[in-house]
$ cat my_file-v4.csv   # CSV, C-alpha atoms
chain,number,residue,atom,x,y,z
A,257,MET,CA,0.0,0.0,0.0
A,258,PRO,CA,1.5,3.3,-1.0
A,259,GLU,CA,2.2,5.7,1.8
A,260,GLU,CA,-0.2,8.3,0.4
A,261,THR,CA,-3.2,6.2,1.2
A,262,LEU,CA,-2.4,5.8,4.9
A,263,VAL,CA,-4.1,9.1,5.9
A,264,ALA,CA,-7.7,9.9,5.1
A,265,PRO,CA,-8.4,12.9,3.0
A,266,ARG,CA,-9.4,16.0,4.9
A,267,GLY,CA,-9.7,19.7,4.3
A,268,LEU,CA,-6.3,21.3,3.7
A,269,THR,CA,-4.8,24.6,4.6
A,270,LEU,CA,-2.8,25.8,1.6
A,271,VAL,CA,-0.6,28.9,1.6
A,272,PHE,CA,0.7,30.7,-1.5
A,273,THR,CA,3.3,33.3,-0.6
A,274,GLY,CA,6.5,35.0,-1.9
A,275,ASP,CA,7.2,38.0,-4.0
A,276,GLY,CA,6.6,36.4,-7.4
A,277,LYS,CA,3.5,36.5,-9.6
A,278,GLY,CA,1.1,33.6,-9.3
A,279,LYS,CA,-0.3,33.6,-5.7
A,280,THR,CA,-3.8,35.0,-6.3
A,281,THR,CA,-3.7,33.3,-9.7
A,282,ALA,CA,-3.0,29.9,-8.2
A,283,ALA,CA,-5.8,30.4,-5.7
A,284,LEU,CA,-8.1,31.2,-8.6
A,285,GLY,CA,-7.0,28.0,-10.3
A,286,MET,CA,-7.6,26.0,-7.1
A,287,ALA,CA,-11.1,27.6,-6.9
A,288,LEU,CA,-11.8,26.7,-10.5
A,289,ARG,CA,-10.7,23.1,-10.1
A,290,ALA,CA,-12.8,22.7,-6.9
A,291,TRP,CA,-15.8,24.3,-8.6
A,292,GLY,CA,-15.3,21.9,-11.5
A,293,GLN,CA,-15.6,19.1,-9.0
A,294,GLY,CA,-18.9,20.4,-7.8
A,295,MET,CA,-17.7,22.2,-4.7
A,296,LYS,CA,-18.8,25.6,-3.6
A,297,VAL,CA,-16.1,28.2,-3.2
A,298,LEU,CA,-15.9,31.6,-1.6
A,299,ILE,CA,-13.1,34.0,-2.4
A,300,LEU,CA,-12.6,37.0,-0.1
A,301,GLN,CA,-10.2,39.6,-1.2
A,302,PHE,CA,-8.6,41.5,1.7
A,303,ILE,CA,-6.7,44.2,-0.3
A,304,LYS,CA,-8.3,44.5,-3.7
A,305,GLY,CA,-11.5,46.6,-4.0
A,306,GLY,CA,-13.5,48.4,-6.6
A,307,TRP,CA,-11.6,46.9,-9.5
A,308,THR,CA,-13.4,45.2,-12.3
A,309,CYS,CA,-10.9,42.5,-12.9
A,310,GLY,CA,-11.2,39.5,-15.1
A,311,GLU,CA,-11.6,37.1,-12.2
A,312,LEU,CA,-14.6,39.1,-10.9
A,313,ILE,CA,-16.3,39.0,-14.2
A,314,ALA,CA,-15.5,35.3,-14.5
A,315,ALA,CA,-17.0,34.6,-11.0
A,316,GLU,CA,-20.2,36.3,-12.0
A,317,LYS,CA,-20.5,34.0,-15.0
A,318,LEU,CA,-19.7,30.9,-12.9
A,319,GLY,CA,-22.8,31.4,-10.8
A,320,PRO,CA,-23.7,30.8,-7.1
A,321,ASN,CA,-21.1,28.1,-6.4
A,322,PHE,CA,-18.2,30.5,-7.2
A,323,ILE,CA,-18.5,33.6,-5.1
A,324,MET,CA,-15.9,36.3,-5.1
A,325,ARG,CA,-16.0,39.4,-3.0
A,326,GLN,CA,-13.5,42.3,-3.2
A,327,MET,CA,-13.6,43.7,0.3
A,328,GLY,CA,-10.4,45.7,0.4
A,329,GLU,CA,-9.6,49.4,-0.2
A,330,GLY,CA,-6.8,48.9,-2.8
A,331,PHE,CA,-3.0,49.4,-2.5
A,332,ILE,CA,-1.7,50.1,1.0
A,333,ARG,CA,1.9,51.2,0.5
A,334,GLY,CA,2.3,54.9,1.1
A,335,SER,CA,-1.1,55.2,2.9
A,336,SER,CA,-1.5,57.9,5.6
A,337,ASP,CA,-2.6,56.9,9.1
A,338,LYS,CA,-6.1,58.0,8.3
A,339,ASP,CA,-6.1,55.9,5.1
A,340,LEU,CA,-4.8,52.9,7.2
A,341,ASP,CA,-7.8,53.2,9.4
A,342,VAL,CA,-10.0,52.8,6.3
A,343,HIS,CA,-8.0,49.8,5.2
A,344,ARG,CA,-8.2,48.3,8.7
A,345,ALA,CA,-12.0,48.7,8.8
A,346,ALA,CA,-12.3,47.0,5.4
A,347,ALA,CA,-10.0,44.2,6.4
A,348,GLN,CA,-11.8,43.6,9.6
A,349,ASN,CA,-15.0,43.5,7.7
A,350,ALA,CA,-13.5,40.8,5.4
A,351,LEU,CA,-12.3,39.0,8.5
A,352,GLU,CA,-15.8,38.8,9.9
A,353,GLU,CA,-17.0,37.4,6.6
A,354,ALA,CA,-14.3,34.8,6.7
A,355,LYS,CA,-15.1,33.8,10.2
A,356,LYS,CA,-18.8,33.5,9.4
A,357,ALA,CA,-18.1,31.4,6.3
A,358,VAL,CA,-15.8,29.1,8.2
A,359,ARG,CA,-18.2,28.8,11.2
A,360,GLU,CA,-21.3,28.1,9.0
A,361,GLY,CA,-19.4,25.6,6.9
A,362,ALA,CA,-21.7,26.1,3.9
A,363,VAL,CA,-18.9,26.2,1.4
A,364,ASP,CA,-16.2,23.7,0.6
A,365,MET,CA,-13.3,26.0,0.0
A,366,VAL,CA,-12.6,29.5,1.3
A,367,VAL,CA,-9.9,31.6,-0.3
A,368,LEU,CA,-8.5,34.4,1.9
A,369,ASP,CA,-6.8,36.4,-0.8
A,370,GLU,CA,-3.9,38.6,0.4
A,371,ILE,CA,-4.8,38.1,4.0
A,372,ASN,CA,-1.0,37.8,4.7
A,373,CYS,CA,-0.5,41.4,3.5
A,374,ALA,CA,-3.4,42.5,5.8
A,375,VAL,CA,-1.6,40.8,8.7
A,376,HIS,CA,1.8,42.2,7.6
A,377,TYR,CA,0.4,45.8,7.5
A,378,GLY,CA,-1.3,45.4,10.9
A,379,LEU,CA,-4.8,45.4,9.5
A,380,VAL,CA,-5.6,41.9,10.8
A,381,ASP,CA,-4.2,40.2,13.9
A,382,VAL,CA,-2.3,37.0,13.1
A,383,GLU,CA,-4.2,35.3,16.0
A,384,ASP,CA,-7.4,35.7,14.1
A,385,VAL,CA,-5.9,33.9,11.1
A,386,LEU,CA,-4.7,31.1,13.4
A,387,ASP,CA,-8.1,30.9,15.0
A,388,ILE,CA,-9.7,30.4,11.5
A,389,ILE,CA,-7.3,27.7,10.6
A,390,ARG,CA,-7.8,25.9,13.9
A,391,SER,CA,-11.5,26.2,14.0
A,392,LYS,CA,-12.4,25.3,10.4
A,393,PRO,CA,-14.6,22.3,9.8
A,394,PRO,CA,-12.5,19.2,9.0
A,395,GLY,CA,-13.7,19.0,5.4
A,396,LEU,CA,-13.2,22.7,4.5
A,397,HIS,CA,-10.2,23.7,2.3
A,398,LEU,CA,-8.7,27.0,3.2
A,399,VAL,CA,-6.4,28.8,0.7
A,400,ILE,CA,-4.3,31.7,2.1
A,401,THR,CA,-2.4,34.0,-0.1
A,402,GLY,CA,-0.1,37.0,0.0
A,403,ARG,CA,3.5,37.8,0.5
A,404,ASN,CA,5.1,37.9,3.9
A,405,VAL,CA,3.2,35.0,5.4
A,406,ALA,CA,3.6,34.8,9.2
A,407,ASN,CA,5.7,32.0,10.5
A,408,GLU,CA,2.8,30.9,12.8
A,409,VAL,CA,0.5,30.6,9.8
A,410,MET,CA,3.1,28.5,7.9
A,411,GLY,CA,3.4,26.3,11.0
A,412,LEU,CA,-0.3,25.4,10.9
A,413,ALA,CA,-0.5,25.0,7.1
A,414,ASP,CA,-0.5,21.7,5.3
A,415,LEU,CA,1.1,23.0,2.1
A,416,VAL,CA,3.2,26.1,1.6
A,417,THR,CA,4.5,27.2,-1.8
A,418,GLU,CA,6.7,30.3,-2.2
A,419,MET,CA,6.3,32.0,-5.5
A,420,ARG,CA,9.8,33.4,-6.2
A,421,GLU,CA,10.2,36.2,-8.7
A,422,VAL,CA,12.8,35.2,-11.3
A,423,LYS,CA,11.9,37.7,-14.0
A,424,HIS,CA,9.0,40.2,-14.2
A,425,PRO,CA,7.8,42.4,-17.1
A,426,PHE,CA,7.3,45.4,-14.8
A,427,ALA,CA,11.0,45.4,-14.3
A,428,ALA,CA,11.4,45.7,-18.1
A,429,GLY,CA,8.9,48.6,-18.2
A,430,MET,CA,5.9,46.6,-19.3
A,431,PRO,CA,2.5,48.0,-18.1
A,432,ALA,CA,0.0,45.9,-16.3
A,433,GLN,CA,-2.5,44.6,-18.7
A,434,LYS,CA,-6.0,43.2,-19.0
A,435,GLY,CA,-6.4,39.5,-18.8
A,436,ILE,CA,-2.9,39.1,-17.4
A,437,GLU,CA,-2.6,41.3,-14.3
A,438,PHE,CA,-6.3,41.9,-13.8
B,250,MET,CA,4.8,59.6,-16.5
B,251,PRO,CA,5.3,56.4,-14.6
B,252,GLU,CA,7.8,54.0,-16.1
B,253,GLU,CA,5.2,51.3,-16.6
B,254,THR,CA,3.4,53.3,-19.3
B,255,LEU,CA,6.5,53.7,-21.5
B,256,VAL,CA,6.1,50.4,-23.3
B,257,ALA,CA,2.9,49.4,-25.1
B,258,PRO,CA,1.1,46.3,-23.9
B,259,ARG,CA,1.8,43.2,-25.9
B,260,GLY,CA,1.3,39.5,-25.6
B,261,LEU,CA,3.5,38.1,-22.9
B,262,THR,CA,5.4,34.8,-22.4
B,263,LEU,CA,4.9,33.7,-18.8
B,264,VAL,CA,6.7,30.8,-17.2
B,265,PHE,CA,5.7,28.9,-14.0
B,266,THR,CA,8.4,26.5,-12.9
B,267,GLY,CA,9.9,25.0,-9.8
B,268,ASP,CA,9.2,21.9,-7.6
B,269,GLY,CA,6.3,23.4,-5.6
B,270,LYS,CA,2.5,23.1,-6.1
B,271,GLY,CA,0.8,25.9,-8.0
B,272,LYS,CA,2.2,25.9,-11.5
B,273,THR,CA,-0.6,24.4,-13.5
B,274,THR,CA,-3.0,25.9,-10.9
B,275,ALA,CA,-1.6,29.4,-11.6
B,276,ALA,CA,-1.9,28.8,-15.3
B,277,LEU,CA,-5.6,27.8,-14.8
B,278,GLY,CA,-6.1,31.1,-12.8
B,279,MET,CA,-4.5,33.1,-15.7
B,280,ALA,CA,-6.8,31.3,-18.1
B,281,LEU,CA,-9.8,32.1,-16.0
B,282,ARG,CA,-8.9,35.7,-15.6
B,283,ALA,CA,-8.3,36.1,-19.4
B,284,TRP,CA,-11.6,34.3,-20.1
B,285,GLY,CA,-13.3,36.7,-17.7
B,286,GLN,CA,-12.0,39.5,-19.8
B,287,GLY,CA,-13.6,38.0,-22.9
B,288,MET,CA,-10.5,36.4,-24.3
B,289,LYS,CA,-10.4,33.0,-25.9
B,290,VAL,CA,-8.0,30.5,-24.2
B,291,LEU,CA,-6.6,27.2,-25.2
B,292,ILE,CA,-4.9,24.9,-22.6
B,293,LEU,CA,-2.8,22.0,-24.0
B,294,GLN,CA,-1.6,19.5,-21.4
B,295,PHE,CA,1.6,17.7,-22.5
B,296,ILE,CA,1.8,15.1,-19.7
B,297,LYS,CA,-1.7,14.6,-18.2
B,298,GLY,CA,-4.1,12.4,-20.1
B,299,GLY,CA,-7.3,10.4,-19.6
B,300,TRP,CA,-7.9,12.0,-16.2
B,301,THR,CA,-11.3,13.5,-15.3
B,302,CYS,CA,-9.9,16.3,-13.2
B,303,GLY,CA,-11.8,19.3,-11.9
B,304,GLU,CA,-10.3,21.7,-14.4
B,305,LEU,CA,-11.5,19.6,-17.3
B,306,ILE,CA,-15.0,19.5,-16.0
B,307,ALA,CA,-14.8,23.2,-15.4
B,308,ALA,CA,-13.5,23.9,-18.9
B,309,GLU,CA,-16.5,22.0,-20.4
B,310,LYS,CA,-18.9,24.2,-18.4
B,311,LEU,CA,-17.1,27.4,-19.4
B,312,GLY,CA,-17.8,26.8,-23.1
B,313,PRO,CA,-16.1,27.4,-26.4
B,314,ASN,CA,-13.8,30.2,-25.2
B,315,PHE,CA,-12.1,28.0,-22.7
B,316,ILE,CA,-10.7,24.9,-24.4
B,317,MET,CA,-8.7,22.4,-22.5
B,318,ARG,CA,-7.2,19.3,-24.0
B,319,GLN,CA,-5.3,16.6,-22.2
B,320,MET,CA,-2.9,15.2,-24.8
B,321,GLY,CA,-0.4,13.4,-22.6
B,322,GLU,CA,0.0,9.8,-21.6
B,323,GLY,CA,0.3,10.3,-17.8
B,324,PHE,CA,3.3,10.1,-15.5
B,325,ILE,CA,6.6,9.5,-17.1
B,326,ARG,CA,9.0,8.6,-14.3
B,327,GLY,CA,9.9,4.9,-14.4
B,328,SER,CA,8.6,4.4,-18.0
B,329,SER,CA,10.3,1.8,-20.2
B,330,ASP,CA,11.8,2.8,-23.5
B,331,LYS,CA,8.7,1.5,-25.3
B,332,ASP,CA,6.5,3.6,-23.0
B,333,LEU,CA,8.7,6.6,-23.7
B,334,ASP,CA,8.0,6.2,-27.4
B,335,VAL,CA,4.3,6.4,-26.6
B,336,HIS,CA,4.9,9.5,-24.4
B,337,ARG,CA,7.0,11.1,-27.2
B,338,ALA,CA,4.3,10.5,-29.8
B,339,ALA,CA,1.7,12.1,-27.6
B,340,ALA,CA,3.9,15.1,-26.8
B,341,GLN,CA,4.7,15.6,-30.4
B,342,ASN,CA,1.0,15.5,-31.2
B,343,ALA,CA,0.4,18.2,-28.5
B,344,LEU,CA,3.3,20.2,-30.0
B,345,GLU,CA,1.7,20.2,-33.4
B,346,GLU,CA,-1.5,21.4,-31.9
B,347,ALA,CA,0.4,24.2,-30.1
B,348,LYS,CA,2.2,25.3,-33.3
B,349,LYS,CA,-1.1,25.3,-35.2
B,350,ALA,CA,-2.8,27.4,-32.5
B,351,VAL,CA,0.0,29.9,-32.4
B,352,ARG,CA,0.3,30.0,-36.2
B,353,GLU,CA,-3.5,30.5,-36.7
B,354,GLY,CA,-3.7,33.1,-33.9
B,355,ALA,CA,-7.4,32.4,-33.3
B,356,VAL,CA,-7.0,32.4,-29.5
B,357,ASP,CA,-5.7,35.1,-27.2
B,358,MET,CA,-3.9,32.9,-24.7
B,359,VAL,CA,-2.2,29.5,-25.1
B,360,VAL,CA,-1.2,27.5,-22.1
B,361,LEU,CA,1.4,24.8,-22.7
B,362,ASP,CA,1.0,22.9,-19.5
B,363,GLU,CA,4.0,20.8,-18.4
B,364,ILE,CA,5.8,21.3,-21.7
B,365,ASN,CA,9.0,21.9,-19.6
B,366,CYS,CA,8.7,18.3,-18.3
B,367,ALA,CA,8.2,17.1,-21.9
B,368,VAL,CA,11.4,18.9,-22.9
B,369,HIS,CA,13.3,17.7,-19.8
B,370,TYR,CA,12.4,14.0,-20.6
B,371,GLY,CA,13.4,14.4,-24.2
B,372,LEU,CA,9.8,14.2,-25.6
B,373,VAL,CA,9.9,17.6,-27.1
B,374,ASP,CA,13.0,19.5,-28.5
B,375,VAL,CA,13.7,22.8,-26.7
B,376,GLU,CA,14.2,24.4,-30.1
B,377,ASP,CA,10.5,23.8,-30.9
B,378,VAL,CA,9.5,25.6,-27.8
B,379,LEU,CA,11.8,28.5,-28.6
B,380,ASP,CA,10.3,28.6,-32.1
B,381,ILE,CA,6.8,28.9,-30.7
B,382,ILE,CA,7.8,31.8,-28.4
B,383,ARG,CA,9.7,33.6,-31.3
B,384,SER,CA,7.0,33.1,-33.9
B,385,LYS,CA,3.8,33.8,-31.8
B,386,PRO,CA,1.6,36.7,-32.9
B,387,PRO,CA,2.5,39.9,-31.0
B,388,GLY,CA,-0.9,40.0,-29.1
B,389,LEU,CA,-0.9,36.3,-28.0
B,390,HIS,CA,-0.2,35.5,-24.4
B,391,LEU,CA,1.8,32.3,-23.9
B,392,VAL,CA,1.9,30.5,-20.6
B,393,ILE,CA,4.5,27.7,-20.1
B,394,THR,CA,4.5,25.5,-17.1
B,395,GLY,CA,6.4,22.6,-15.6
B,396,ARG,CA,9.5,22.0,-13.4
B,397,ASN,CA,13.0,22.1,-14.9
B,398,VAL,CA,12.4,24.9,-17.4
B,399,ALA,CA,15.3,25.2,-19.9
B,400,ASN,CA,17.5,28.2,-19.5
B,401,GLU,CA,16.9,29.2,-23.2
B,402,VAL,CA,13.2,29.3,-22.5
B,403,MET,CA,13.7,31.5,-19.4
B,404,GLY,CA,15.9,33.7,-21.5
B,405,LEU,CA,13.0,34.4,-24.0
B,406,ALA,CA,10.3,34.7,-21.4
B,407,ASP,CA,8.9,38.0,-20.1
B,408,LEU,CA,8.0,36.7,-16.7
B,409,VAL,CA,9.3,33.7,-14.7
B,410,THR,CA,8.0,32.6,-11.4
B,411,GLU,CA,9.6,29.7,-9.5
B,412,MET,CA,7.2,27.8,-7.3
B,413,ARG,CA,9.3,26.7,-4.4
B,414,GLU,CA,8.0,23.8,-2.2
B,415,VAL,CA,8.2,24.9,1.4
B,416,LYS,CA,5.8,22.3,2.9
B,417,HIS,CA,3.7,19.6,1.1
B,418,PRO,CA,1.0,17.3,2.4
B,419,PHE,CA,2.3,14.3,0.4
B,420,ALA,CA,5.4,14.5,2.6
B,421,ALA,CA,3.1,14.2,5.6
B,422,GLY,CA,1.4,11.1,4.1
B,423,MET,CA,-1.8,12.9,2.8
B,424,PRO,CA,-3.4,11.4,-0.3
B,425,ALA,CA,-4.1,13.4,-3.4
B,426,GLN,CA,-7.7,14.6,-3.3
B,427,LYS,CA,-10.5,15.7,-5.5
B,428,GLY,CA,-10.8,19.4,-5.9
B,429,ILE,CA,-7.3,20.0,-4.6
B,430,GLU,CA,-4.8,17.9,-6.7
B,431,PHE,CA,-7.2,17.1,-9.6

$ encode --input "my_file-v4.csv" --output "structure tokens"
Amino acid sequence: MPEETLVAPRGLTLVFTGDGKGKTTAALGMALRAWGQGMKVLILQFIKGGWTCGELIAAEKLGPNFIMRQMGEGFIRGSSDKDLDVHRAAAQNALEEAKKAVREGAVDMVVLDEINCAVHYGLVDVEDVLDIIRSKPPGLHLVITGRNVANEVMGLADLVTEMREVKHPFAAGMPAQKGIEF
Amino acid sequence: MPEETLVAPRGLTLVFTGDGKGKTTAALGMALRAWGQGMKVLILQFIKGGWTCGELIAAEKLGPNFIMRQMGEGFIRGSSDKDLDVHRAAAQNALEEAKKAVREGAVDMVVLDEINCAVHYGLVDVEDVLDIIRSKPPGLHLVITGRNVANEVMGLADLVTEMREVKHPFAAGMPAQKGIEF
């Protein structure tokens, strides 16, 4: 009997971190795959907000089993203290949604997109993230993205992939473009 | 004027490589985002074949602008010489499809999933991959995945992300499961 079959399947906690492109994108791919398998997925975005990106349009087309909510206030770097309060309120709101979804267990996969950044910038307490991981229903898959993942979150995760930037078109002066970056 | 706006948008060549999970998944996310933006995408899988995975079911639901074809013969490691001939024929078939799609330019994004593995195992010549990158229509986005990307391919790519495995559930004896691994 191969070693892989010794442990029963259960909901996993997956982390995509690092400075390279592909974290949110990989989470979207996970969500699409799960949706294809008949699962219900919920994607909560902790930083992005008010941006009609391709994934949001796609989510609307995919129907009630693929829910995506942009709950952030946009880019944080360079924000004033007052702006940070606005970001914090938005992130806390997203956190409540996440807790509710995990508590109710009505979905099969929850993606907490860029929650690591929210923790890194002090918008969300790392303990709240750890609580979500610890308290999730056994069958629920949790996908956590964003650079600068906290060590404690890595410690509780089943899978961690670091997306390492080897080469990036912004560095070569290329603009962000439709269908690729958003 | 910010530096990003100095160069006009054009079709990019994106590479997802490395030993960590998230390469094919990120390509799926890219494809979903592009599809959301009204683009037509074609995903050709060079290794996977005959496997009813979540992304294949999802692709069928997404309709004619999201085409996915498994053209491989499955896992390669441990294959006999005779098996390798079968793998090679399948990969060459996928390569012809890729060349045709790029030549015709009827789609906006082509994903060559795990083509790096096909090159690594000698099923596809690296020169053929370089030809595809060099000859693609200017507006076409090309997404190339798989571990062990060739240096020459990296050299021509606009963006390269290495997915680095930090922690993986297989290592902890967890089985591959529906909606997550396939």

$ atom_distance --input "my_file-v4.csv" --atom1 "CA of Arg403 in chain A" --atom2 "CA of Arg359 in chain A"
25.8 Å

$ residues_around --input "my_file-v4.csv" --residues "Gly395 in chain B" --least-positions-apart "5" --cutoff "7 Å" --atoms "all atoms listed in the file" --output "tab-separated table (two decimals) with C-alpha atoms, in the coordinates of the input"
chain	number	residue	atom	x	y	z
B	265	PHE	CA	5.70	28.90	-14.00
B	266	THR	CA	8.40	26.50	-12.90
B	272	LYS	CA	2.20	25.90	-11.50
B	362	ASP	CA	1.00	22.90	-19.50
B	363	GLU	CA	4.00	20.80	-18.40
B	364	ILE	CA	5.80	21.30	-21.70
B	365	ASN	CA	9.00	21.90	-19.60
B	366	CYS	CA	8.70	18.30	-18.30

$ interface_residues --input "my_file-v4.csv" --of "chain B" --to "chain A" --cutoff "6 Å" --atoms "all atoms listed in the file" --output "PDB file with C-alpha atoms, in the frame of the given file"
ATOM      1  CA  GLU B 252       7.800  54.000 -16.100  1.00  0.00           C
ATOM      2  CA  GLU B 253       5.200  51.300 -16.600  1.00  0.00           C
ATOM      3  CA  THR B 254       3.400  53.300 -19.300  1.00  0.00           C
ATOM      4  CA  VAL B 256       6.100  50.400 -23.300  1.00  0.00           C
ATOM      5  CA  GLY B 269       6.300  23.400  -5.600  1.00  0.00           C
ATOM      6  CA  GLY B 271       0.800  25.900  -8.000  1.00  0.00           C
ATOM      7  CA  THR B 274      -3.000  25.900 -10.900  1.00  0.00           C
ATOM      8  CA  ALA B 275      -1.600  29.400 -11.600  1.00  0.00           C
ATOM      9  CA  LEU B 277      -5.600  27.800 -14.800  1.00  0.00           C
ATOM     10  CA  GLY B 278      -6.100  31.100 -12.800  1.00  0.00           C
ATOM     11  CA  ARG B 282      -8.900  35.700 -15.600  1.00  0.00           C
ATOM     12  CA  ALA B 283      -8.300  36.100 -19.400  1.00  0.00           C
ATOM     13  CA  GLY B 285     -13.300  36.700 -17.700  1.00  0.00           C
ATOM     14  CA  GLN B 286     -12.000  39.500 -19.800  1.00  0.00           C
ATOM     15  CA  GLY B 303     -11.800  19.300 -11.900  1.00  0.00           C
ATOM     16  CA  GLU B 304     -10.300  21.700 -14.400  1.00  0.00           C
ATOM     17  CA  ILE B 306     -15.000  19.500 -16.000  1.00  0.00           C
ATOM     18  CA  ALA B 307     -14.800  23.200 -15.400  1.00  0.00           C
ATOM     19  CA  ASP B 407       8.900  38.000 -20.100  1.00  0.00           C
ATOM     20  CA  LEU B 408       8.000  36.700 -16.700  1.00  0.00           C
ATOM     21  CA  VAL B 409       9.300  33.700 -14.700  1.00  0.00           C
ATOM     22  CA  THR B 410       8.000  32.600 -11.400  1.00  0.00           C
ATOM     23  CA  GLU B 411       9.600  29.700  -9.500  1.00  0.00           C
ATOM     24  CA  MET B 412       7.200  27.800  -7.300  1.00  0.00           C
ATOM     25  CA  ARG B 413       9.300  26.700  -4.400  1.00  0.00           C
ATOM     26  CA  GLU B 414       8.000  23.800  -2.200  1.00  0.00           C
ATOM     27  CA  VAL B 415       8.200  24.900   1.400  1.00  0.00           C
ATOM     28  CA  LYS B 416       5.800  22.300   2.900  1.00  0.00           C
ATOM     29  CA  HIS B 417       3.700  19.600   1.100  1.00  0.00           C
ATOM     30  CA  PRO B 418       1.000  17.300   2.400  1.00  0.00           C
ATOM     31  CA  GLY B 422       1.400  11.100   4.100  1.00  0.00           C
ATOM     32  CA  MET B 423      -1.800  12.900   2.800  1.00  0.00           C
ATOM     33  CA  PRO B 424      -3.400  11.400  -0.300  1.00  0.00           C
ATOM     34  CA  GLY B 428     -10.800  19.400  -5.900  1.00  0.00           C
TER      35      GLY B 428
END

$ atom_distance --input "my_file-v4.csv" --atom1 "CA of Asp330 in chain B" --atom2 "CA of Met317 in chain B"
28.4 Å

$ atom_distance --input "my_file-v4.csv" --atom1 "CA of Leu361 in chain B" --atom2 "CA of Ile381 in chain B"
10.5 Å

$ closest_residue --input "my_file-v4.csv" --among "B:Thr394, B:Val378, B:Ile296, B:Arg326" --to "Ala347 in chain B" --atoms "all atoms listed in the file"
B:Val378

$ residues_around --input "my_file-v4.csv" --residues "Ala345 in chain A" --least-positions-apart "4" --cutoff "12 Å" --atoms "only C-alpha atoms" --output "PDB file with C-alpha atoms, in the frame of the given file"
ATOM      1  CA  PHE A 302      -8.600  41.500   1.700  1.00  0.00           C
ATOM      2  CA  ILE A 303      -6.700  44.200  -0.300  1.00  0.00           C
ATOM      3  CA  MET A 327     -13.600  43.700   0.300  1.00  0.00           C
ATOM      4  CA  GLY A 328     -10.400  45.700   0.400  1.00  0.00           C
ATOM      5  CA  GLU A 329      -9.600  49.400  -0.200  1.00  0.00           C
ATOM      6  CA  LYS A 338      -6.100  58.000   8.300  1.00  0.00           C
ATOM      7  CA  ASP A 339      -6.100  55.900   5.100  1.00  0.00           C
ATOM      8  CA  LEU A 340      -4.800  52.900   7.200  1.00  0.00           C
ATOM      9  CA  ASP A 341      -7.800  53.200   9.400  1.00  0.00           C
ATOM     10  CA  ASN A 349     -15.000  43.500   7.700  1.00  0.00           C
ATOM     11  CA  ALA A 350     -13.500  40.800   5.400  1.00  0.00           C
ATOM     12  CA  LEU A 351     -12.300  39.000   8.500  1.00  0.00           C
ATOM     13  CA  GLU A 352     -15.800  38.800   9.900  1.00  0.00           C
ATOM     14  CA  ALA A 374      -3.400  42.500   5.800  1.00  0.00           C
ATOM     15  CA  GLY A 378      -1.300  45.400  10.900  1.00  0.00           C
ATOM     16  CA  LEU A 379      -4.800  45.400   9.500  1.00  0.00           C
ATOM     17  CA  VAL A 380      -5.600  41.900  10.800  1.00  0.00           C
TER      18      VAL A 380
END

$ residues_near_point --input "my_file-v4.csv" --point "(-13.2, 43.4, -2.4)" --cutoff "6 Å" --atoms "all atoms listed in the file" --output "list of chain:residue names"
A:Gln301, A:Lys304, A:Gly305, A:Arg325, A:Gln326, A:Met327, A:Gly328

$ write_last_selection --input "my_file-v4.csv" --atoms "C-alpha atoms" --output "PDB file, in the frame of the given file"
ATOM      1  CA  GLN A 301     -10.200  39.600  -1.200  1.00  0.00           C
ATOM      2  CA  LYS A 304      -8.300  44.500  -3.700  1.00  0.00           C
ATOM      3  CA  GLY A 305     -11.500  46.600  -4.000  1.00  0.00           C
ATOM      4  CA  ARG A 325     -16.000  39.400  -3.000  1.00  0.00           C
ATOM      5  CA  GLN A 326     -13.500  42.300  -3.200  1.00  0.00           C
ATOM      6  CA  MET A 327     -13.600  43.700   0.300  1.00  0.00           C
ATOM      7  CA  GLY A 328     -10.400  45.700   0.400  1.00  0.00           C
TER       8      GLY A 328
END

$ closest_residue --input "my_file-v4.csv" --among "A:Ala346, A:Val367, A:Val409, A:Ala357" --to "Leu386 in chain A" --atoms "only C-alpha atoms"
A:Val409
